[in-house]
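Just start02.cif here, mmCIF, C-alpha atoms:
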```cif
data_start
loop_
_atom_site.label_atom_id
_atom_site.label_comp_id
_atom_site.auth_asym_id
_atom_site.auth_seq_id
_atom_site.Cartn_x
_atom_site.Cartn_y
_atom_site.Cartn_z
CA MET F 1 104.31 -208.51 -100.90
CA SER F 2 100.52 -208.63 -100.88
CA VAL F 3 98.48 -210.62 -103.38
CA ALA F 4 96.89 -207.39 -104.62
CA ALA F 5 100.33 -205.87 -105.33
CA LYS F 6 101.40 -208.99 -107.25
CA ASP F 7 98.19 -208.91 -109.26
CA MET F 8 98.66 -205.24 -110.19
CA GLY F 9 102.25 -205.90 -111.21
CA LYS F 10 101.25 -208.84 -113.36
CA GLU F 11 98.42 -206.85 -114.94
CA ALA F 12 100.74 -203.93 -115.74
CA ARG F 13 103.38 -206.22 -117.25
CA ARG F 14 100.85 -208.05 -119.38
CA PHE F 15 99.53 -204.71 -120.60
CA VAL F 16 102.99 -203.65 -121.76
CA ARG F 17 103.56 -207.05 -123.40
CA GLY F 18 100.88 -206.14 -125.93
CA GLN F 19 102.60 -202.93 -127.07
CA HIS F 20 105.79 -202.35 -129.04
CA SER F 21 106.35 -198.59 -129.02
CA GLY F 22 106.18 -195.78 -126.52
CA VAL F 23 107.53 -192.34 -125.64
CA LEU F 24 110.93 -192.27 -123.97
CA SER F 25 111.69 -189.31 -121.71
CA THR F 26 115.27 -188.44 -120.80
CA LEU F 27 116.84 -185.52 -118.90
CA SER F 28 118.03 -183.02 -121.49
CA GLN F 29 121.66 -181.98 -121.48
CA ARG F 30 121.13 -179.33 -124.14
CA LEU F 31 118.35 -177.68 -122.11
CA GLU F 32 119.42 -178.53 -118.60
CA GLY F 33 116.67 -179.64 -116.27
CA TYR F 34 114.02 -180.13 -118.95
CA PRO F 35 112.56 -183.49 -119.97
CA PHE F 36 113.16 -184.58 -123.56
CA GLY F 37 110.63 -186.92 -125.17
CA SER F 38 111.20 -189.13 -128.19
CA VAL F 39 109.44 -191.99 -129.95
CA ALA F 40 110.90 -195.34 -128.90
CA PRO F 41 110.12 -198.72 -130.46
CA PHE F 42 110.88 -201.42 -127.89
CA ILE F 43 110.56 -205.04 -126.93
CA LEU F 44 110.28 -206.56 -123.48
CA ASP F 45 112.77 -209.15 -122.32
CA HIS F 46 111.33 -212.21 -120.61
CA SER F 47 111.40 -210.55 -117.18
CA GLY F 48 109.39 -207.56 -118.44
CA CYS F 49 112.15 -204.95 -118.84
CA PRO F 50 111.89 -202.73 -121.95
CA VAL F 51 114.79 -202.92 -124.39
CA ILE F 52 115.34 -200.11 -126.91
CA LEU F 53 117.70 -199.82 -129.89
CA ILE F 54 119.12 -196.30 -130.17
CA SER F 55 121.86 -194.47 -132.04
CA ASP F 56 125.03 -193.25 -130.35
CA ILE F 57 124.50 -189.80 -131.86
CA ALA F 58 120.82 -189.45 -130.92
CA GLU F 59 119.84 -186.71 -128.49
CA HIS F 60 118.28 -189.15 -126.04
CA THR F 61 121.40 -191.35 -126.07
CA LYS F 62 123.58 -188.38 -125.14
CA ASN F 63 121.14 -187.60 -122.36
CA ILE F 64 121.28 -191.18 -121.05
CA ALA F 65 125.09 -191.15 -121.11
CA ALA F 66 125.03 -188.14 -118.79
CA ASP F 67 122.13 -189.30 -116.60
CA PRO F 68 120.58 -192.78 -117.01
CA ARG F 69 117.28 -191.89 -115.31
CA VAL F 70 114.46 -192.27 -117.83
CA SER F 71 110.78 -193.02 -118.15
CA LEU F 72 108.88 -194.86 -120.87
CA ILE F 73 105.15 -194.32 -121.28
CA VAL F 74 103.27 -197.03 -123.13
CA GLN F 75 99.73 -196.41 -124.33
CA PRO F 76 97.83 -197.69 -127.37
CA TYR F 77 95.87 -195.21 -129.43
CA SER F 78 92.26 -194.69 -128.33
CA PRO F 79 89.58 -192.17 -129.35
CA ASP F 80 89.52 -191.20 -125.66
CA MET F 81 93.12 -191.36 -124.45
CA GLN F 82 92.15 -190.39 -120.90
CA LEU F 83 90.06 -193.53 -120.52
CA ALA F 84 92.56 -195.88 -122.17
CA GLY F 85 94.95 -197.92 -120.05
CA ARG F 86 98.61 -196.92 -119.88
CA VAL F 87 101.82 -197.75 -118.10
CA THR F 88 104.78 -195.52 -117.27
CA ILE F 89 107.99 -197.36 -116.46
CA ILE F 90 110.44 -195.22 -114.50
CA GLY F 91 113.95 -196.58 -114.26
CA GLN F 92 117.61 -196.65 -115.20
CA ALA F 93 118.72 -197.17 -118.80
CA GLN F 94 121.72 -199.48 -119.05
CA ARG F 95 123.63 -200.19 -122.25
CA LEU F 96 123.86 -203.91 -123.03
CA ALA F 97 127.25 -205.41 -123.74
CA ASP F 98 126.23 -207.03 -127.02
CA LYS F 99 123.43 -207.07 -129.57
CA ASP F 100 123.43 -210.80 -130.29
CA THR F 101 121.40 -212.10 -127.35
CA LEU F 102 118.26 -210.00 -127.89
CA GLY F 103 118.91 -209.04 -131.52
CA PRO F 104 116.86 -211.83 -133.16
CA ARG F 105 113.89 -211.17 -130.84
CA TYR F 106 114.01 -207.43 -131.50
CA LEU F 107 114.13 -207.89 -135.28
CA ARG F 108 111.19 -210.28 -135.30
CA PHE F 109 109.04 -207.50 -133.84
CA HIS F 110 110.78 -204.63 -135.65
CA PRO F 111 112.10 -206.01 -138.97
CA GLN F 112 112.38 -202.46 -140.35
CA ALA F 113 115.28 -201.93 -137.93
CA GLU F 114 117.51 -204.50 -139.65
CA ASN F 115 119.69 -201.84 -141.29
CA TYR F 116 120.08 -200.02 -137.98
CA PHE F 117 120.94 -203.25 -136.22
CA ALA F 118 123.80 -203.88 -138.63
CA MET F 119 125.35 -200.47 -137.97
CA HIS F 120 128.00 -200.11 -135.29
CA GLY F 121 126.46 -196.85 -134.06
CA PHE F 122 123.27 -198.46 -132.71
CA GLN F 123 123.16 -200.15 -129.31
CA PHE F 124 120.64 -201.86 -127.06
CA TYR F 125 119.69 -200.28 -123.75
CA ARG F 126 117.60 -202.07 -121.12
CA ILE F 127 115.41 -200.04 -118.78
CA GLU F 128 115.60 -201.47 -115.25
CA PRO F 129 112.37 -200.41 -113.49
CA VAL F 130 112.53 -198.41 -110.27
CA ARG F 131 108.75 -197.81 -110.06
CA VAL F 132 105.87 -198.45 -112.42
CA ARG F 133 102.74 -196.32 -112.75
CA TYR F 134 99.79 -198.36 -113.96
CA ILE F 135 96.49 -196.80 -115.00
CA GLY F 136 94.11 -199.54 -116.01
CA GLY F 137 91.27 -197.17 -116.83
CA PHE F 138 89.24 -194.50 -115.05
CA GLY F 139 89.77 -194.76 -111.29
CA ARG F 140 92.20 -197.71 -111.53
CA ILE F 141 95.50 -196.02 -110.68
CA HIS F 142 98.38 -197.82 -108.98
CA TRP F 143 102.07 -197.45 -108.18
CA VAL F 144 103.78 -200.80 -108.67
CA ASP F 145 107.13 -201.87 -107.22
CA PRO F 146 109.60 -203.53 -109.62
CA GLU F 147 109.45 -206.79 -107.65
CA ALA F 148 105.72 -207.01 -108.40
CA TYR F 149 106.10 -205.93 -112.02
CA ARG F 150 108.92 -208.21 -113.13
CA CYS F 151 108.58 -211.96 -113.52
CA ALA F 152 111.21 -214.60 -112.91
CA SER F 153 113.27 -215.59 -115.93
CA GLY F 154 113.63 -219.30 -116.65
CA PRO F 155 114.99 -221.47 -119.45
CA LEU F 156 112.23 -220.30 -121.80
CA ALA F 157 114.32 -217.30 -122.86
CA LEU F 158 117.04 -219.61 -124.20
CA GLN F 159 114.49 -221.99 -125.74
CA GLU F 160 112.43 -219.29 -127.46
CA SER F 161 114.09 -219.43 -130.89
CA ASP F 162 113.69 -223.22 -131.15
CA ILE F 163 110.03 -223.06 -130.13
CA ILE F 164 109.33 -220.35 -132.70
CA ALA F 165 111.09 -222.27 -135.48
CA HIS F 166 109.12 -225.43 -134.63
CA MET F 167 105.75 -223.68 -134.49
CA ASN F 168 106.30 -221.74 -137.72
CA GLN F 169 107.53 -224.79 -139.60
CA ASP F 170 105.23 -227.53 -138.31
CA HIS F 171 102.11 -225.87 -136.87
CA CYS F 172 101.10 -223.05 -139.20
CA ASP F 173 97.52 -224.33 -139.20
CA ASN F 174 97.36 -224.10 -135.41
CA LEU F 175 98.61 -220.51 -135.49
CA ILE F 176 95.83 -219.55 -137.89
CA ALA F 177 93.31 -221.36 -135.68
CA TYR F 178 94.55 -219.39 -132.65
CA CYS F 179 93.84 -216.12 -134.48
CA ARG F 180 90.32 -217.17 -135.34
CA HIS F 181 89.47 -218.58 -131.91
CA VAL F 182 90.96 -215.90 -129.64
CA HIS F 183 90.69 -212.72 -131.71
CA GLY F 184 88.07 -213.55 -134.35
CA VAL F 185 90.65 -212.79 -137.06
CA GLU F 186 90.52 -214.80 -140.28
CA ALA F 187 94.24 -214.75 -141.10
CA THR F 188 95.61 -216.32 -144.26
CA THR F 189 99.08 -216.47 -142.72
CA ALA F 190 100.33 -216.30 -139.15
CA THR F 191 103.90 -216.33 -137.87
CA MET F 192 105.02 -216.68 -134.28
CA LEU F 193 107.22 -213.71 -133.39
CA GLY F 194 107.89 -214.35 -129.73
CA ILE F 195 106.95 -216.41 -126.71
CA ASP F 196 107.48 -215.39 -123.08
CA PRO F 197 106.20 -216.46 -119.65
CA ASP F 198 102.99 -214.44 -120.07
CA GLY F 199 102.01 -215.45 -123.61
CA PHE F 200 103.02 -215.23 -127.25
CA ASP F 201 102.73 -212.95 -130.28
CA LEU F 202 101.71 -213.75 -133.83
CA GLY F 203 102.27 -211.63 -136.90
CA THR F 204 99.37 -211.87 -139.33
CA ASP F 205 98.62 -210.35 -142.73
CA ALA F 206 97.82 -206.94 -141.25
CA THR F 207 98.79 -206.77 -137.58
CA VAL F 208 100.47 -208.34 -134.56
CA LEU F 209 98.18 -210.23 -132.19
CA ARG F 210 98.90 -210.94 -128.53
CA PHE F 211 97.84 -214.19 -126.83
CA ALA F 212 97.96 -214.51 -123.03
CA PHE F 213 98.62 -217.72 -121.15
CA ALA F 214 96.26 -218.53 -118.29
CA ALA F 215 99.23 -219.45 -116.07
CA PRO F 216 102.95 -218.59 -116.31
CA VAL F 217 105.02 -220.67 -118.71
CA ASN F 218 108.71 -220.92 -117.84
CA ASP F 219 110.13 -223.68 -120.03
CA ALA F 220 109.63 -225.49 -123.33
CA GLY F 221 107.65 -228.33 -121.75
CA ALA F 222 105.11 -226.00 -120.19
CA ALA F 223 104.93 -224.00 -123.45
CA ARG F 224 104.24 -227.16 -125.42
CA GLN F 225 101.37 -228.09 -123.10
CA ALA F 226 99.84 -224.61 -123.21
CA LEU F 227 100.06 -224.36 -127.00
CA ALA F 228 98.67 -227.86 -127.51
CA ALA F 229 95.75 -227.19 -125.17
CA LEU F 230 94.94 -223.95 -127.00
CA ALA F 231 95.13 -225.74 -130.36
CA GLN F 232 92.71 -228.39 -129.18
CA THR F 233 90.27 -225.76 -127.92
CA ALA F 234 90.63 -223.61 -131.05
CA ARG F 235 90.07 -226.53 -133.40
CA GLY F 236 87.06 -227.63 -131.38
CA THR F 237 85.41 -224.28 -132.08
CA CYS F 238 86.23 -224.20 -135.81
CA PRO F 239 83.24 -224.55 -138.13
#
```

Serialized structure, structure tokens:
Amino acid sequence: MSVAAKDMGKEARRFVRGQHSGVLSTLSQRLEGYPFGSVAPFILDHSGCPVILISDIAEHTKNIAADPRVSLIVQPYSPDMQLAGRVTIIGQAQRLADKDTLGPRYLRFHPQAENYFAMHGFQFYRIEPVRVRYIGGFGRIHWVDPEAYRCASGPLALQESDIIAHMNQDHCDNLIAYCRHVHGVEATTATMLGIDPDGFDLGTDATVLRFAFAAPVNDAGAARQALAALAQTARGTCP
């Protein structure tokens, strides 16, 4: 795999990391042969695969049961949507065996789904990419192979909950300093929602902010170093 291909895959994955909803397209069983689009809140697992929580009785779930081929388009709102970046992940939707492994992560990003999560009729599906279409802006259009898009999973996925609990309990001041330094946001509260090899997310008073790591972080030790270095830099720039 070329360096350019790896770079495009990393760029596409990091783009999707900053979004939490998209449009899911399935192959309609009611209107055979036609695509069926629906709004789909999602999270990414640590490797970069989208995970959606959907009802057993939903139209798109019935479509997936008959044919698991799907696509998910991810694009933030922009006054000029043609110029904005976007990613389309084309792949196979696979139902996960349980909701416990990714449940806490999903609910941190989508707390409004707590009632759905408790119902037996809602299940997680992971989209395993087959190809990824990345448009980084006008003239920057690339097809990306899944090997370039996905990143290797390490122990960080299992350590995530402990890191989040530690940061939210003992380093609230650092989280607020991160918001000010990186995004220019004067937050009164900030809560870590997730951390992954590419960066981390903070929930503030009004929005969710994404913070990218300069280099991949695959375990708690590397995360500690990256977060401490950012805290030192952020506090050095505080008035």

*I would like the residues chosen by the PyMOL selection byres ((chain F and resi 153-158) around 10) on the shown file; could you give them as an NGL selection string?*
:F and (45-48 or 101-102 or 150-152 or 159-163 or 194-197 or 217-223)

May I have the residues from that selection written out with C-alpha atoms, as a PDB file, in the coordinates of the input?
```
ATOM      1  CA  ASP F  45     112.770-209.150-122.320  1.00  0.00           C
ATOM      2  CA  HIS F  46     111.330-212.210-120.610  1.00  0.00           C
ATOM      3  CA  SER F  47     111.400-210.550-117.180  1.00  0.00           C
ATOM      4  CA  GLY F  48     109.390-207.560-118.440  1.00  0.00           C
ATOM      5  CA  THR F 101     121.400-212.100-127.350  1.00  0.00           C
ATOM      6  CA  LEU F 102     118.260-210.000-127.890  1.00  0.00           C
ATOM      7  CA  ARG F 150     108.920-208.210-113.130  1.00  0.00           C
ATOM      8  CA  CYS F 151     108.580-211.960-113.520  1.00  0.00           C
ATOM      9  CA  ALA F 152     111.210-214.600-112.910  1.00  0.00           C
ATOM     10  CA  GLN F 159     114.490-221.990-125.740  1.00  0.00           C
ATOM     11  CA  GLU F 160     112.430-219.290-127.460  1.00  0.00           C
ATOM     12  CA  SER F 161     114.090-219.430-130.890  1.00  0.00           C
ATOM     13  CA  ASP F 162     113.690-223.220-131.150  1.00  0.00           C
ATOM     14  CA  ILE F 163     110.030-223.060-130.130  1.00  0.00           C
ATOM     15  CA  GLY F 194     107.890-214.350-129.730  1.00  0.00           C
ATOM     16  CA  ILE F 195     106.950-216.410-126.710  1.00  0.00           C
ATOM     17  CA  ASP F 196     107.480-215.390-123.080  1.00  0.00           C
ATOM     18  CA  PRO F 197     106.200-216.460-119.650  1.00  0.00           C
ATOM     19  CA  VAL F 217     105.020-220.670-118.710  1.00  0.00           C
ATOM     20  CA  ASN F 218     108.710-220.920-117.840  1.00  0.00           C
ATOM     21  CA  ASP F 219     110.130-223.680-120.030  1.00  0.00           C
ATOM     22  CA  ALA F 220     109.630-225.490-123.330  1.00  0.00           C
ATOM     23  CA  GLY F 221     107.650-228.330-121.750  1.00  0.00           C
ATOM     24  CA  ALA F 222     105.110-226.000-120.190  1.00  0.00           C
ATOM     25  CA  ALA F 223     104.930-224.000-123.450  1.00  0.00           C
TER      26      ALA F 223
END
```

Please, what is the axis-aligned box for every listed atom of range 50-69 of chain F with 4 Å on each side, as centre and edge lengths in Å to one decimal, as lines of an AutoDock Vina configuration file?
```
center_x = 118.5
center_y = -194.8
center_z = -123.7
size_x = 21.2
size_y = 24.2
size_z = 24.7
```

*So how many Å separate CA of Tyr134 in chain F and CA of Phe109 in chain F, to one decimal?*
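Computing it gives 23.8 Å between the two atoms.
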
*For the structure shown, which residues end up in the PyMOL selection byres ((chain F and resi 139) around 12)? Put them as JSON, numbers by chain, please?*
{"F": [82, 83, 84, 85, 134, 135, 136, 137, 138, 140, 141, 142]}

*Could you state the separation of CA of Asp198 in chain F and CA of Val132 in chain F in Å, given to one decimal place?*
18.0 Å

*Residues near range 206-212 of chain F, cut-off 9 Å, all atoms listed in the file, skip fewer than 3 positions along chain, as number ranges by chain*: F: 14, 17-19, 109, 178-179, 182-183, 187, 193, 198-203, 215

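With only C-alpha atoms as the atoms that count, the residue of F:Leu107, F:Ala234, F:Ala113, F:Ala226 with the shortest distance to Phe213 in chain F is F:Ala226.
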
*asked:* Show me the residues around (107.3, -200.3, -133.8) - criterion: an atom at most 8 Å away, all atoms listed in the file counted - as a PyMOL selection string.
replied: chain F and resi 20-21+40-42+109-110

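Take CA of Arg105 in chain F and CA of Leu44 in chain F: the distance between them is 9.4 Å.
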
_Distance criterion (all atoms listed in the file): nearest to Ala12 in chain F out of F:Val87, F:Ala165, F:Ala118, F:Val51_ =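 Ranking F:Val87, F:Ala165, F:Ala118, F:Val51 by distance to Ala12 in chain F, first place goes to F:Val87.
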
*Neighbours of Ser25 in chain F within 9 Å (only C-alpha atoms; same-chain residues fewer than 6 positions away dropped), as a PyMOL selection string?*
chain F and resi 35-39+60+69-73

*Could you write out as a ChimeraX atom specification the residues that the PyMOL selection byres ((chain F and resi 93) around 7) matches in the shown file?*
/F:64,68-70,91-92,94-95,125-128

*Have a look at F:Leu27, F:Ile176, F:Val144, F:Ala65 and name the one nearest to Ala4 in chain F; count all atoms listed in the file.*
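Closest to Ala4 in chain F, using all atoms listed in the file: F:Val144.
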
*Can you list, as a list in words, every protein, DNA or RNA residue that comes within 8 Å of Ala231 in chain F when you count all atoms listed in the file, leaving out same-chain residues fewer than 2 positions away?*
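So the residues in contact are Asn174, Ala177, Tyr178, Leu227, Ala228, Ala229, Thr233, Ala234 and Arg235 of chain F.
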